[in-house]
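Visitor: Here you go, target-v5.txt (compact mmCIF, C-alpha atoms):
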# COMPACT_ATOMS: atom_id res chain seq x y z
CA MET E 838 -12.36 -18.71 -6.76
CA ARG E 839 -15.16 -16.22 -7.20
CA ARG E 840 -14.41 -12.55 -7.72
CA PRO E 841 -15.04 -10.70 -4.44
CA ARG E 842 -18.16 -8.58 -4.34
CA TRP E 843 -17.24 -4.95 -4.99
CA TRP E 844 -19.51 -3.57 -2.29
CA ALA E 845 -18.12 -5.98 0.30
CA GLU E 846 -14.57 -5.01 -0.67
CA LEU E 847 -15.42 -1.32 -0.46
CA ALA E 848 -16.91 -1.79 3.00
CA LEU E 849 -13.93 -3.83 4.19
CA ILE E 850 -11.33 -1.37 2.91
CA GLY E 851 -13.33 1.55 4.29
CA ALA E 852 -13.55 -0.10 7.72
CA VAL E 853 -9.82 -0.86 7.83
CA TYR E 854 -8.91 2.66 6.71
CA ALA E 855 -11.27 4.18 9.29
CA ALA E 856 -9.67 2.05 12.00
CA TYR E 857 -6.23 3.05 10.74
CA SER E 858 -7.10 6.77 10.70
CA GLY E 859 -8.70 6.61 14.12
CA GLY E 860 -5.75 4.66 15.48
CA ARG E 861 -3.35 7.32 14.20
CA LEU E 862 -5.23 9.98 16.14
CA LEU E 863 -5.23 7.90 19.32
CA ALA E 864 -1.50 7.22 18.98
CA ARG E 865 -0.38 10.84 19.12
CA GLY E 866 2.04 10.26 21.98
CA ASP E 867 3.93 12.82 24.02
CA VAL E 868 5.53 15.68 22.06
CA ASP E 869 8.82 15.52 23.98
CA THR E 870 9.01 11.77 23.39
CA ALA E 871 8.31 12.23 19.67
CA VAL E 872 10.99 14.93 19.38
CA GLY E 873 13.46 12.69 21.21
CA HIS E 874 12.80 9.84 18.80
CA GLY E 875 13.20 12.14 15.80
CA LEU E 876 16.54 13.47 17.06
CA ALA E 877 17.72 9.93 17.80
CA LEU E 878 16.99 8.92 14.20
CA LEU E 879 18.78 11.99 12.88
CA ARG E 880 21.87 11.31 15.02
CA ALA E 881 21.92 7.66 13.94
CA GLU E 882 21.85 8.72 10.30
CA GLU E 883 24.65 11.22 10.89
CA VAL E 884 26.80 8.50 12.45
CA LEU E 885 26.08 6.21 9.49
CA GLY E 886 26.63 9.01 6.96
CA ILE E 887 23.19 8.60 5.40
CA ASP E 888 21.57 11.86 6.55
CA VAL E 889 20.56 12.98 3.05
CA GLU E 890 17.29 14.64 4.12
CA ARG E 891 18.84 18.01 4.95
CA ALA E 892 20.49 18.43 1.54
CA LEU E 893 17.32 17.38 -0.28
CA ASN E 894 15.22 19.72 1.84
CA ARG E 895 17.52 22.65 1.10
CA LEU E 896 17.27 21.91 -2.61
CA PHE E 897 13.46 21.67 -2.55
CA THR E 898 13.19 24.85 -0.47
CA SER E 899 15.53 26.94 -2.60
CA VAL E 900 14.05 25.79 -5.93
CA PRO E 901 10.26 26.27 -5.89
CA ALA E 902 10.05 24.49 -9.25
CA LEU E 903 11.00 21.35 -7.32
CA GLY E 904 9.43 22.11 -3.97
CA VAL E 905 5.92 23.02 -5.11
CA PRO E 906 5.38 19.92 -7.32
CA ALA E 907 6.85 17.78 -4.53
CA ASP E 908 4.30 19.22 -2.11
CA PHE E 909 1.47 18.39 -4.49
CA LEU E 910 2.81 14.85 -4.96
CA TYR E 911 3.08 14.33 -1.20
CA ALA E 912 -0.43 15.64 -0.57
CA SER E 913 -2.21 13.71 -3.32
CA LEU E 914 -0.55 10.62 -4.84
CA HIS E 915 -0.69 8.65 -1.60
CA TYR E 916 -4.49 8.86 -1.71
CA LEU E 917 -4.94 8.47 -5.48
CA VAL E 918 -2.48 5.89 -6.77
CA THR E 919 -3.07 3.23 -4.12
CA PRO E 920 -6.87 3.05 -4.61
CA ALA E 921 -6.36 3.15 -8.37
CA VAL E 922 -4.03 0.14 -8.23
CA LEU E 923 -6.52 -1.71 -6.01
CA VAL E 924 -9.33 -1.09 -8.50
CA TRP E 925 -7.08 -2.13 -11.39
CA LEU E 926 -6.20 -5.40 -9.65
CA PHE E 927 -9.86 -6.03 -8.83
CA ARG E 928 -10.90 -5.59 -12.44
CA ARG E 929 -7.91 -6.92 -14.36
CA ARG E 930 -6.20 -9.39 -12.01
CA PRO E 931 -9.02 -10.85 -9.91
CA ALA E 932 -7.04 -14.02 -9.12
CA ARG E 933 -4.31 -11.86 -7.55
CA TYR E 934 -6.52 -9.27 -5.88
CA ARG E 935 -7.33 -10.93 -2.56
CA ALA E 936 -3.74 -11.70 -1.59
CA ALA E 937 -2.56 -8.26 -2.73
CA ARG E 938 -5.29 -6.48 -0.78
CA THR E 939 -4.56 -8.54 2.31
CA TRP E 940 -0.85 -7.72 2.06
CA LEU E 941 -1.63 -4.00 1.94
CA MET E 942 -4.02 -4.18 4.90
CA VAL E 943 -1.76 -6.28 7.13
CA SER E 944 1.16 -3.95 6.46
CA THR E 945 -0.97 -0.88 7.19
CA LEU E 946 -2.00 -2.30 10.55
CA LEU E 947 1.64 -3.07 11.33
CA GLY E 948 2.43 0.56 10.53
CA LEU E 949 -0.21 1.62 13.04
CA VAL E 950 1.60 -0.43 15.68
CA GLY E 951 4.77 1.49 14.81
CA PHE E 952 3.02 4.85 15.21
CA THR E 953 1.79 3.75 18.64
CA LEU E 954 5.08 2.40 19.94
CA LEU E 955 7.38 4.96 18.36
CA PRO E 956 5.80 8.42 17.92
CA THR E 957 8.34 10.41 15.93
CA CYS E 958 8.71 14.08 15.21
CA PRO E 959 9.31 14.61 11.47
CA PRO E 960 12.25 16.81 10.40
CA ARG E 961 9.96 19.73 9.47
CA LEU E 962 8.79 20.07 13.09
CA LEU E 963 12.25 20.11 14.66
CA ASP E 964 13.76 23.34 15.88
CA PRO E 965 14.94 25.43 12.86
CA GLY E 966 18.45 25.16 14.23
CA TYR E 967 18.62 21.62 12.88
CA GLY E 968 18.46 23.02 9.35
CA PHE E 969 15.07 21.85 8.09
CA VAL E 970 12.31 23.91 6.48
CA ASP E 971 8.69 22.82 6.23
CA THR E 972 8.26 23.16 2.46
CA MET E 973 4.53 22.52 2.63
CA ALA E 974 4.10 25.42 5.05
CA ARG E 975 6.46 27.53 2.93
CA PHE E 976 4.52 26.90 -0.28
CA SER E 977 1.05 26.45 1.26
CA ALA E 978 -0.32 29.34 -0.82
CA TYR E 979 -0.03 27.09 -3.89
CA GLY E 980 -2.18 24.28 -2.54
CA TRP E 981 -5.01 23.24 -0.23
CA TRP E 982 -2.84 22.33 2.74
CA GLY E 983 -1.77 24.51 5.64
CA ALA E 984 0.95 24.01 8.21
CA GLU E 985 -0.16 20.51 9.28
CA ALA E 986 1.49 18.35 6.61
CA SER E 987 -0.97 17.40 3.85
CA ALA E 988 -4.13 18.07 5.87
CA PRO E 989 -6.43 20.67 4.29
CA ARG E 990 -6.39 24.06 5.97
CA GLY E 991 -8.36 24.06 9.20
CA MET E 992 -8.31 20.26 9.53
CA GLY E 993 -4.96 19.84 11.23
CA ALA E 994 -6.64 18.47 14.37
CA LEU E 995 -7.73 15.43 12.34
CA THR E 996 -4.20 14.26 11.65
CA ASN E 997 -1.35 12.96 13.78
CA GLN E 998 1.77 14.85 12.78
CA TYR E 999 3.99 12.55 14.85
CA ALA E 1000 3.04 9.40 12.93
CA ALA E 1001 6.25 9.45 10.91
CA MET E 1002 7.81 6.07 11.74
CA PRO E 1003 7.37 4.05 9.59
CA SER E 1004 6.62 6.01 6.42
CA LEU E 1005 3.53 4.45 4.88
CA HIS E 1006 3.83 6.93 2.04
CA VAL E 1007 6.87 4.90 1.06
CA GLY E 1008 5.34 1.58 2.12
CA TRP E 1009 2.18 2.03 0.05
CA ALA E 1010 4.21 3.30 -2.91
CA LEU E 1011 6.38 0.19 -2.69
CA TRP E 1012 3.26 -2.00 -2.71
CA CYS E 1013 1.97 -0.15 -5.79
CA GLY E 1014 5.35 -0.54 -7.48
CA VAL E 1015 5.44 -4.29 -6.87
CA MET E 1016 1.91 -4.70 -8.22
CA LEU E 1017 2.70 -2.72 -11.37
CA TRP E 1018 5.94 -4.64 -11.90
CA ARG E 1019 4.56 -8.13 -11.35
CA TYR E 1020 1.22 -7.80 -13.09
CA ALA E 1021 2.05 -5.36 -15.88
CA PRO E 1022 0.01 -6.11 -19.01
CA GLU E 1023 1.84 -7.40 -22.05
CA ALA E 1024 1.09 -4.20 -23.92
CA ARG E 1025 3.59 -1.54 -22.88
CA ARG E 1026 5.07 -3.77 -20.20
CA THR E 1027 8.32 -1.81 -20.17
CA LEU E 1028 6.45 1.43 -19.47
CA TRP E 1029 4.39 -0.14 -16.68
CA ARG E 1030 7.44 -1.65 -15.05
CA ALA E 1031 9.32 1.63 -15.28
CA ALA E 1032 6.42 3.26 -13.44
CA GLY E 1033 6.47 0.46 -10.89
CA ALA E 1034 10.16 0.99 -10.19
CA GLY E 1035 10.07 4.78 -10.33
CA TYR E 1036 7.04 5.48 -8.15
CA PRO E 1037 8.48 4.27 -4.80
CA LEU E 1038 11.82 5.94 -5.56
CA LEU E 1039 10.11 9.23 -6.38
CA THR E 1040 8.00 8.98 -3.23
CA THR E 1041 11.09 8.41 -1.10
CA LEU E 1042 12.74 11.53 -2.51
CA VAL E 1043 9.56 13.56 -2.00
CA VAL E 1044 8.98 12.59 1.63
CA MET E 1045 12.57 13.50 2.50
CA GLY E 1046 12.80 16.64 0.37
CA THR E 1047 9.62 18.05 1.93
CA ALA E 1048 11.06 17.25 5.41
CA ASN E 1049 8.16 14.95 6.27
CA HIS E 1050 10.31 11.87 6.88
CA TYR E 1051 13.82 10.70 7.65
CA LEU E 1052 15.54 8.16 5.45
CA LEU E 1053 15.16 5.60 8.25
CA ASP E 1054 11.40 6.23 8.18
CA ALA E 1055 11.44 5.19 4.53
CA VAL E 1056 13.53 2.11 5.32
CA ALA E 1057 11.07 1.21 8.08
CA GLY E 1058 8.18 1.63 5.65
CA ALA E 1059 9.77 -0.90 3.30
CA ALA E 1060 10.46 -3.24 6.24
CA VAL E 1061 6.83 -3.08 7.34
CA MET E 1062 5.74 -4.07 3.85
CA GLY E 1063 8.16 -6.98 3.96
CA ALA E 1064 6.76 -8.13 7.29
CA GLY E 1065 3.23 -7.76 5.96
CA LEU E 1066 4.10 -9.91 2.96
CA LEU E 1067 5.39 -12.67 5.25
CA LEU E 1068 2.25 -12.54 7.38
CA THR E 1069 -0.21 -12.45 4.47
CA PRO E 1070 -0.50 -16.26 3.99
CA TYR E 1071 -1.37 -16.65 7.67
CA ALA E 1072 -3.93 -13.86 7.46
CA LEU E 1073 -5.52 -15.48 4.42
CA ARG E 1074 -5.73 -18.88 6.12
CA LEU E 1075 -7.30 -17.28 9.19
CA ALA E 1076 -9.83 -15.49 7.01
CA ASP E 1077 -10.67 -18.75 5.23
CA ARG E 1078 -11.24 -20.53 8.56
CA VAL E 1079 -13.55 -17.76 9.72
CA ALA E 1080 -15.42 -17.76 6.40
CA ALA E 1081 -15.82 -21.55 6.48
CA ARG E 1082 -17.61 -21.26 9.83
CA LEU E 1083 -20.14 -18.77 8.51
CA PRO E 1084 -23.47 -20.20 7.27
CA GLY E 1085 -23.59 -20.61 3.51
CA ARG E 1086 -20.02 -19.50 2.91
CA GLY E 1087 -16.88 -21.33 1.89
CA PRO E 1088 -13.15 -20.59 1.85
CA GLY E 1089 -11.92 -17.68 -0.22
CA GLY E 1090 -14.85 -15.41 0.56
CA GLY E 1091 -17.25 -17.06 -1.89
CA SER E 1092 -20.54 -18.71 -0.96
CA GLY E 1093 -21.08 -22.43 -1.01
CA GLY E 1094 -17.44 -23.37 -1.49
CA ALA E 1095 -17.83 -26.99 -0.36
CA ILE E 1096 -21.04 -27.44 -2.34
CA GLY E 1097 -19.39 -26.01 -5.44
CA ALA E 1098 -16.40 -28.34 -5.11
CA GLU E 1099 -18.68 -31.38 -4.70
CA SER E 1100 -20.73 -30.32 -7.71
CA ALA E 1101 -17.57 -29.98 -9.80
CA ARG E 1102 -16.42 -33.48 -8.84
CA ASN E 1103 -19.75 -34.98 -9.90
CA SER E 1104 -20.01 -33.02 -13.16
CA PRO E 1105 -19.59 -35.08 -16.37
CA ALA E 1106 -17.62 -32.18 -17.85
CA VAL E 1107 -14.76 -32.72 -15.42
CA SER E 1108 -12.28 -35.47 -16.10
CA GLY E 1109 -11.33 -37.72 -13.18
CA GLY E 1110 -7.82 -39.22 -13.20
CA TRP E 1111 -6.94 -40.50 -16.66
CA GLU E 1112 -10.53 -41.02 -17.75
CA THR E 1113 -11.91 -39.01 -20.62
CA SER E 1114 -15.02 -36.88 -20.34
CA ALA E 1115 -17.71 -36.32 -22.92
CA GLY E 1116 -16.29 -34.34 -25.83
CA GLU E 1117 -12.63 -35.18 -25.02
CA ARG E 1118 -10.48 -37.23 -27.38
CA ILE E 1119 -7.52 -37.70 -25.05
CA PRO E 1120 -7.27 -37.87 -21.27
CA ARG E 1121 -6.60 -34.54 -19.51
CA GLN E 1122 -7.48 -32.61 -22.65
CA ARG E 1123 -9.48 -30.22 -20.55
CA SER E 1124 -6.77 -28.87 -18.31
CA ALA E 1125 -7.31 -26.65 -15.28
CA PRO E 1126 -6.58 -22.94 -15.61
CA THR E 1127 -2.97 -22.04 -15.00
CA ALA E 1128 -1.81 -19.71 -12.26
CA SER E 1129 -1.15 -17.02 -14.84
CA ASP E 1130 -4.77 -17.02 -16.00
CA ASP E 1131 -6.24 -14.03 -14.19
CA ARG E 1132 -9.43 -13.83 -16.14
CA PRO E 1133 -12.69 -14.17 -14.21
CA ALA E 1134 -14.32 -17.58 -14.56
CA SER E 1135 -17.20 -16.04 -16.52
CA ALA E 1136 -14.77 -14.90 -19.22
CA ARG E 1137 -13.17 -18.33 -19.78
Please, can you express the file's structure as C-alpha cells?
Guide:
Amino acid sequence: MRRPRWWAELALIGAVYAAYSGGRLLARGDVDTAVGHGLALLRAEEVLGIDVERALNRLFTSVPALGVPADFLYASLHYLVTPAVLVWLFRRRPARYRAARTWLMVSTLLGLVGFTLLPTCPPRLLDPGYGFVDTMARFSAYGWWGAEASAPRGMGALTNQYAAMPSLHVGWALWCGVMLWRYAPEARRTLWRAAGAGYPLLTTLVVMGTANHYLLDAVAGAAVMGAGLLLTPYALRLADRVAARLPGRGPGGGSGGAIGAESARNSPAVSGGWETSAGERIPRQRSAPTASDDRPASAR
C-alpha cells in the first residue's frame, strides 16, 4: 500500500475538523435542556458514589500551583498532541496510519452526534450553589483564554460551551495513548508506553478538576472511541469501494491499484507458488513483508 499523499491527508483532516467545528456550533441546543442534562449526570454520579469532580475542582481551585498548569493543559494539549501523533504515525508507521486516522475521524463524528442529541452543561456553568468553580475563568489572567472554556478572549461566540457529552478531550487522549502504547519504538519503549498510559489519565483528571466535564463525560468519551474502533473496518471498506470507482485509482487510496497488482503477478522477481524466481536458491526465499514491517516500500 502506498503512503498517502501528505497534502491530500491535510485537506481531508482539515475538512473533517471544519465540519466537526461547524457542527458543534450548530448543535448548541437549549440552555435549559443542557442544564437539565448536566444536573441529571451529576445526580446519577451521586447515586453511584462516583461524583469525584467536586473534590478535584476544590483542590485545583484552592491550589493555584495545580489549577493554573491544569488550565494550560486543558487549553493546549488537545490541539497539540493529537496532530503530533498523527504526523508521527504518518512518517514512522505508514502501514498503520490510514486505519488509525480513520478510527480518530469516525469517533470524532460520533462525538458530534452526541453533542447534537445530548447538549450538556459542564459543571463550571452550573449555579455556584452546586459547589463548582470555573478554574479557567478564575485563573484567566495567566493565559490566553477568557470565561468561555479554552477559547481565546473575545472568541467565545465561536465555541459551543454545552458540547460536554462525550468528552473528546478524553477520547482523543485515549486514542493518542493507544497509538503510543502499540507503536512505541524499540528505543525507550518503556518511556513511550508510560506516556501512552499516563496521557489519557492526566487528561481525565484535568477535565474534571477544571470543572469542564463530569466523570460520565469522560466515560462516554472512551465509549465513543470504542464504538469508532468497531466501525473503522466498515469505514475503510466503504472508502475502498468509493476509491475503486474513481478513474485511475485503486483500493487503499493509491492510484492504479489493480494495474499494480497485475504487474506484480507478471514480474519475474515475484515467486509464484513453490516455483523459484531468478536469483532465488530455494522456493519462497523472497517472502512478503510482515505485518510488523511499517517501513515505506521505498525504504525496503
Visitor: Using only C-alpha atoms, I'd like a table of the residues in stretch 900-1018 of chain E that come within 8 Å of stretch 1068-1086 of chain E; for each, show the closest atom pair and its distance in Å rounded to one decimal, ordered by chain and ascending number, as a Markdown table.
Guide:
| residue | atom | partner | partner_atom | distance |
| --- | --- | --- | --- | --- |
| E:Ala936 | CA | E:Thr1069 | CA | 7.1 |
| E:Thr939 | CA | E:Thr1069 | CA | 6.2 |
| E:Trp940 | CA | E:Thr1069 | CA | 5.3 |
| E:Val943 | CA | E:Thr1069 | CA | 6.9 |
Visitor: Name all residues at most 10 Å from E:Asp1054 (count all atoms listed in the file; drop same-chain ones fewer than 3 positions away) and give them as a ChimeraX atom specification.
Guide: /E:875,878,957,959,1001-1008,1041,1044-1045,1049-1051,1057-1060
Visitor: How far is it from atom CA of E:Trp1029 to atom CA of E:Met1062, in Å with one decimal?
Guide: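 If I compute the distance from atom CA of E:Trp1029 to atom CA of E:Met1062, I get 20.9 Å.
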Visitor: Name the closest residue to E:Arg842 among the candidates E:Arg928, E:Ala1034, E:Val1056, E:Gly951; distances are taken between atoms, counting only C-alpha atoms.
Guide: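 Selected residue with least distance to E:Arg842: E:Arg928.
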Visitor: As an exercise, work out the distance from atom CA of E:Thr1027 to atom CA of E:Val918 in Å and give it to one decimal place.
Guide: 18.9 Å
Visitor: Counting only C-alpha atoms, what is within 10 Å of E:Leu926, bar same-chain residues fewer than 3 positions away, as number ranges by chain?
Guide: E: 920-923, 929-935, 937-938, 1016-1017, 1020, 1131
Visitor: Measuring between only C-alpha atoms, which one of E:Tyr916, E:Arg975, E:Asp867, E:Leu946 shows the shortest distance to E:Gln998?
Guide: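 Result for the nearest residue to E:Gln998: E:Asp867.
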Visitor: Kindly give the distance, in Å, that separates atom CA of E:Val868 and atom CA of E:Ser899, rounded to a single decimal.
Guide: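 These atoms are spaced 28.9 Å apart.
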